[in-house]
Each structure stands twice: as structure tokens, then as C-alpha cells.
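Below: start.pdb (PDB, C-alpha atoms)
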ATOM      1  CA  MET O   1     -53.572 -60.065  -5.944
ATOM      2  CA  ARG O   2     -51.745 -63.298  -5.425
ATOM      3  CA  ILE O   3     -48.152 -63.679  -6.567
ATOM      4  CA  ALA O   4     -47.480 -66.822  -8.453
ATOM      5  CA  ARG O   5     -44.991 -69.211  -6.981
ATOM      6  CA  ASP O   6     -42.420 -68.678  -9.798
ATOM      7  CA  GLU O   7     -42.390 -64.828  -9.423
ATOM      8  CA  ARG O   8     -41.380 -64.651  -5.734
ATOM      9  CA  GLY O   9     -37.583 -64.515  -6.376
ATOM     10  CA  PHE O  10     -37.709 -61.595  -8.847
ATOM     11  CA  SER O  11     -37.282 -58.725  -6.370
ATOM     12  CA  ALA O  12     -34.012 -59.994  -4.798
ATOM     13  CA  PRO O  13     -31.847 -59.782  -7.968
ATOM     14  CA  VAL O  14     -33.210 -56.306  -8.761
ATOM     15  CA  PHE O  15     -32.393 -55.172  -5.226
ATOM     16  CA  ILE O  16     -28.868 -56.648  -5.462
ATOM     17  CA  VAL O  17     -28.254 -54.864  -8.781
ATOM     18  CA  MET O  18     -29.433 -51.552  -7.289
ATOM     19  CA  ILE O  19     -27.139 -51.987  -4.275
ATOM     20  CA  ALA O  20     -24.199 -52.886  -6.558
ATOM     21  CA  VAL O  21     -24.759 -49.755  -8.675
ATOM     22  CA  MET O  22     -24.904 -47.593  -5.532
ATOM     23  CA  VAL O  23     -21.670 -49.122  -4.176
ATOM     24  CA  MET O  24     -19.866 -48.519  -7.488
ATOM     25  CA  PHE O  25     -21.199 -44.944  -7.574
ATOM     26  CA  LEU O  26     -19.959 -44.205  -4.039
ATOM     27  CA  GLY O  27     -16.636 -45.887  -4.827
ATOM     28  CA  GLY O  28     -16.166 -43.653  -7.865
ATOM     29  CA  ILE O  29     -16.862 -40.534  -5.827
ATOM     30  CA  SER O  30     -14.469 -41.632  -3.088
ATOM     31  CA  VAL O  31     -11.693 -42.266  -5.644
ATOM     32  CA  ASP O  32     -12.092 -38.712  -6.965
ATOM     33  CA  LEU O  33     -12.088 -37.220  -3.481
ATOM     34  CA  TRP O  34      -8.989 -39.171  -2.436
ATOM     35  CA  ARG O  35      -7.233 -38.092  -5.628
ATOM     36  CA  VAL O  36      -7.959 -34.432  -4.795
ATOM     37  CA  LEU O  37      -6.771 -34.863  -1.191
ATOM     38  CA  ALA O  38      -3.550 -36.616  -2.253
ATOM     39  CA  GLU O  39      -2.774 -33.933  -4.832
ATOM     40  CA  HIS O  40      -3.480 -31.197  -2.266
ATOM     41  CA  ARG O  41      -0.997 -32.777   0.138
ATOM     42  CA  LYS O  42       1.609 -33.067  -2.626
ATOM     43  CA  VAL O  43       1.182 -29.444  -3.768
ATOM     44  CA  THR O  44       1.295 -28.208  -0.162
ATOM     45  CA  ASN O  45       4.590 -30.031   0.435
ATOM     46  CA  LEU O  46       6.047 -28.592  -2.774
ATOM     47  CA  ALA O  47       4.998 -25.051  -1.854
ATOM     48  CA  ASP O  48       6.484 -25.463   1.625
ATOM     49  CA  GLY O  49       9.774 -26.721   0.190
ATOM     50  CA  ALA O  50       9.958 -23.886  -2.335
ATOM     51  CA  SER O  51       9.266 -21.253   0.332
ATOM     52  CA  ILE O  52      11.974 -22.701   2.589
ATOM     53  CA  ALA O  53      14.440 -22.753  -0.316
ATOM     54  CA  ALA O  54      13.605 -19.129  -1.121
ATOM     55  CA  ALA O  55      13.925 -18.075   2.531
ATOM     56  CA  THR O  56      17.599 -19.054   2.468
ATOM     57  CA  ALA O  57      18.400 -16.276  -0.035
ATOM     58  CA  VAL O  58      19.483 -13.641   2.478
ATOM     59  CA  ASP O  59      20.876 -10.404   1.039
ATOM     60  CA  LEU O  60      24.467 -10.942   2.205
ATOM     61  CA  ASP O  61      25.667  -7.519   1.078
ATOM     62  CA  ARG O  62      23.158  -5.790   3.339
ATOM     63  CA  LEU O  63      23.745  -8.289   6.142
ATOM     64  CA  TYR O  64      27.518  -7.701   6.276
ATOM     65  CA  ASN O  65      27.713  -4.019   5.278
ATOM     66  CA  GLN O  66      24.759  -2.717   7.316
ATOM     67  CA  PRO O  67      24.819  -4.716  10.554
ATOM     68  CA  ASN O  68      22.433  -2.360  12.370
ATOM     69  CA  ARG O  69      19.634  -2.960   9.881
ATOM     70  CA  PRO O  70      17.572  -6.161   9.846
ATOM     71  CA  ALA O  71      18.450  -8.805   7.286
ATOM     72  CA  VAL O  72      16.233  -9.033   4.225
ATOM     73  CA  LEU O  73      15.943 -11.494   1.387
ATOM     74  CA  ASP O  74      17.583 -10.931  -1.975
ATOM     75  CA  GLU O  75      14.446 -10.926  -4.140
ATOM     76  CA  PRO O  76      15.907 -12.161  -7.464
ATOM     77  CA  GLU O  77      17.877 -14.882  -5.689
ATOM     78  CA  ALA O  78      14.839 -15.946  -3.621
ATOM     79  CA  ILE O  79      12.700 -16.224  -6.746
ATOM     80  CA  ALA O  80      15.459 -18.151  -8.531
ATOM     81  CA  ARG O  81      15.827 -20.611  -5.623
ATOM     82  CA  ALA O  82      12.070 -21.175  -5.357
ATOM     83  CA  CYS O  83      11.745 -21.707  -9.109
ATOM     84  CA  ASP O  84      14.770 -24.011  -9.171
ATOM     85  CA  TYR O  85      13.231 -26.124  -6.402
ATOM     86  CA  LEU O  86       9.881 -26.337  -8.194
ATOM     87  CA  VAL O  87      11.396 -27.134 -11.594
ATOM     88  CA  ARG O  88      13.664 -29.831 -10.097
ATOM     89  CA  ASN O  89      10.598 -31.421  -8.492
ATOM     90  CA  GLY O  90       8.634 -31.384 -11.744
ATOM     91  CA  VAL O  91       6.013 -28.802 -10.804
ATOM     92  CA  THR O  92       6.327 -26.465 -13.731
ATOM     93  CA  ALA O  93       8.550 -25.596 -16.638
ATOM     94  CA  SER O  94       7.758 -21.860 -16.560
ATOM     95  CA  CYS O  95       8.516 -20.265 -13.250
ATOM     96  CA  PRO O  96       7.542 -17.678 -12.006
ATOM     97  CA  GLY O  97       4.881 -17.685 -14.763
ATOM     98  CA  GLU O  98       2.596 -20.406 -13.350
ATOM     99  CA  VAL O  99       3.843 -19.905  -9.811
ATOM    100  CA  VAL O 100       3.481 -16.661  -7.859
ATOM    101  CA  VAL O 101       6.564 -15.852  -5.781
ATOM    102  CA  THR O 102       6.293 -12.757  -3.584
ATOM    103  CA  VAL O 103       9.211 -11.454  -1.537
ATOM    104  CA  ALA O 104       8.595  -8.779   1.101
ATOM    105  CA  GLY O 105      11.501  -7.986   3.391
ATOM    106  CA  ASP O 106      12.438 -11.174   5.205
ATOM    107  CA  GLU O 107       9.318 -13.100   4.139
ATOM    108  CA  VAL O 108       8.602 -15.079   0.997
ATOM    109  CA  THR O 109       5.217 -16.372  -0.182
ATOM    110  CA  ILE O 110       4.755 -19.129  -2.761
ATOM    111  CA  GLU O 111       1.354 -19.600  -4.397
ATOM    112  CA  LEU O 112       0.700 -22.739  -6.445
ATOM    113  CA  ARG O 113      -2.377 -23.748  -8.391
ATOM    114  CA  ARG O 114      -3.078 -27.189  -9.825
ATOM    115  CA  GLU O 115      -6.005 -28.765 -11.644
ATOM    116  CA  VAL O 116      -6.896 -32.313 -10.587
ATOM    117  CA  PRO O 117      -8.720 -34.319 -13.271
ATOM    118  CA  LEU O 118     -11.961 -35.893 -12.087
ATOM    119  CA  THR O 119     -13.788 -38.960 -13.374
ATOM    120  CA  LEU O 120     -17.173 -39.619 -11.808
ATOM    121  CA  LEU O 121     -17.533 -36.199 -10.215
ATOM    122  CA  ALA O 122     -16.950 -34.632 -13.648
ATOM    123  CA  VAL O 123     -19.990 -36.504 -14.951
ATOM    124  CA  LEU O 124     -22.093 -35.352 -12.000
ATOM    125  CA  SER O 125     -20.853 -31.753 -12.059
ATOM    126  CA  VAL O 126     -23.597 -29.249 -12.729
ATOM    127  CA  ALA O 127     -21.106 -26.741 -14.157
ATOM    128  CA  GLY O 128     -19.576 -29.418 -16.382
ATOM    129  CA  GLY O 129     -16.052 -29.101 -14.979
ATOM    130  CA  ASN O 130     -13.590 -31.891 -15.685
ATOM    131  CA  SER O 131     -11.191 -30.896 -12.932
ATOM    132  CA  ASP O 132     -11.000 -29.485  -9.432
ATOM    133  CA  PRO O 133      -8.659 -26.537  -8.821
ATOM    134  CA  ILE O 134      -6.270 -26.699  -5.866
ATOM    135  CA  GLU O 135      -4.748 -23.457  -4.622
ATOM    136  CA  VAL O 136      -2.005 -23.497  -1.981
ATOM    137  CA  ALA O 137       0.051 -20.715  -0.406
ATOM    138  CA  ALA O 138       3.154 -21.201   1.765
ATOM    139  CA  VAL O 139       4.974 -18.475   3.700
ATOM    140  CA  SER O 140       8.495 -18.692   5.110
ATOM    141  CA  THR O 141      10.608 -16.211   7.019
ATOM    142  CA  SER O 142      14.370 -15.894   6.937
ATOM    143  CA  ALA O 143      15.988 -17.735   9.841
ATOM    144  CA  LEU O 144      18.150 -14.687  10.610
ATOM    145  CA  GLN O 145      15.098 -12.695  11.662
ATOM    146  CA  ARG O 146      14.106 -15.334  14.199
ATOM    147  CA  GLY O 147      17.432 -15.176  15.979
ATOM    148  CA  VAL O 148      18.871 -18.366  14.496
ATOM    149  CA  PRO O 149      22.607 -17.892  13.799
TER     150      PRO O 149
END
Is it possible to express this structure as C-alpha cells?
Amino acid sequence: MRIARDERGFSAPVFIVMIAVMVMFLGGISVDLWRVLAEHRKVTNLADGASIAAATAVDLDRLYNQPNRPAVLDEPEAIARACDYLVRNGVTASCPGEVVVTVAGDEVTIELRREVPLTLLAVLSVAGGNSDPIEVAAVSTSALQRGVP
């Protein structure tokens, strides 16, 4: 079959449109992925800061009155300092409700969970999810246990 002279240019615009759609599709996916990565970095930094703030809540009564025993964290004060840090940085209004703060001896663990809204990946999701959950845990130890005066 011979192609007529006026039909030869038809395939190039169709190919260009297909390439443009693919580029926009990949761009949309990359925007969602970068949004998730940026939010993960932000939540990780917040959890680290909250765990460091909580690790400064040494039980001073035990430290000064029982010098032969290792220093431990004051659990209510550690939780209060971690929650204060998170609330001041706009993470949550209800702490420790949405945030898990665990104090064990001289160690404190902060667990944060965030939902990142998706755009293009939400459309492509088989499960139909509109967001991607981010879960971060940060652990800090009291400086007194590490020999820091």
C-alpha cells in the first residue's frame, strides 16, 4: 500500500504527543516521590530534636541523692519536654496522643507518624490510597550515662 504524499507527516505529531504525555506522567510521579522524601527528612529531624530534648530530663533527685546508682530520666519531665518541642515546632496539638514517647531508664524513644498526600500516585494506586504513611523513630540516651559531665 502506498502512502499518499499528504499523509506522511501524520505519525510525527502523534509520537510527540505520546512522548509529552509520558514526560508529564513521569514528572507527576517524581513530584510525589520528592514530596514523600522531603516530608520524611522533616519528620526525622523533628523526632531527633524531640528525643534530644527529652534526653535532657535527668532525674536530679536520684542523681544527687543516690550517687552510686546510674542516672535515669525523669519520665514525666522527659515526655513533657518532647511534647513541648513537638508542639512548638507545629507537629501536633495532642501530645503524647499522636506521638509515642517511651522512656526506659536513661533512654528515650520518640515515634512519629505522618500521612503525605499524593497526587498522581493516588490515581495509580491499586489500593486507592490518597496518602503515603511515614513512620519514624528516634532514640536518645542521657549524656550523663555516656560520661559527659
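Selection result for the displayed file, with the PyMOL selection byres ((chain O and resi 22-32) around 7) as criterion, is Met18, Ile19, Ala20, Val21, Leu33, Trp34, Arg35, Val36, Leu118, Thr119, Leu120 and Leu121 of chain O.
One finds CA of Leu63 (chain O) at 28.7 Å from CA of Val87 (chain O).
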Long-range neighbours of Asp48 (chain O) as a ChimeraX atom specification, 6 Å cut-off, only C-alpha atoms, 3 positions minimum in chain:
/O:45,51,138
Go through O:Asp106, O:Ala55, O:Ala50, O:Val91 and flag the residue nearest Pro70 (chain O), using only C-alpha atoms for the distances.
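Smallest separation from Pro70 (chain O) among the options: O:Asp106.
For the pair CA of Ala80 (chain O) and CA of Arg41 (chain O), the separation is 23.7 Å.
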Nearest residue to Arg62 (chain O) out of O:Thr141, O:Val100, O:Gly105, O:Cys95, using all atoms listed in the file?
O:Gly105
Give the padded box for region 59-69 of chain O as lines of an AutoDock Vina configuration file: axis-aligned, covering all atoms listed in the file, 3 Å on each side, centre and edge lengths in Å to one decimal.
center_x = 23.7
center_y = -6.7
center_z = 6.7
size_x = 14.1
size_y = 14.6
size_z = 17.3
Report the distance between CA of Leu73 (chain O) and CA of Lys42 (chain O) in Å, rounded to one decimal place.
26.2 Å
Translate the PyMOL selection byres ((chain O and resi 74) around 9), as applied to the file shown, into an explicit residue set as a PyMOL selection string.
chain O and resi 57-60+72-73+75-79+103+105-106
Write out as a PyMOL selection string each polymer residue whose atoms come within 6 Å of Thr109 (chain O), counting all atoms listed in the file; drop sequence neighbours fewer than 5 positions from it.
chain O and resi 101-102+138-139
Print the selection's residues with C-alpha atoms to a file, as an mmCIF file, keeping the file's coordinate frame.
data_model
loop_
_atom_site.group_PDB
_atom_site.id
_atom_site.type_symbol
_atom_site.label_atom_id
_atom_site.label_comp_id
_atom_site.auth_asym_id
_atom_site.auth_seq_id
_atom_site.Cartn_x
_atom_site.Cartn_y
_atom_site.Cartn_z
ATOM 1 C CA VAL O 101 6.564 -15.852 -5.781
ATOM 2 C CA THR O 102 6.293 -12.757 -3.584
ATOM 3 C CA ALA O 138 3.154 -21.201 1.765
ATOM 4 C CA VAL O 139 4.974 -18.475 3.700
#
The PyMOL selection byres ((chain O and resi 132-137) around 8) - which residues does that actually catch in the file I just gave you? List them as a ChimeraX atom specification.
/O:36,40,43-44,47,109-118,129-131,138-139
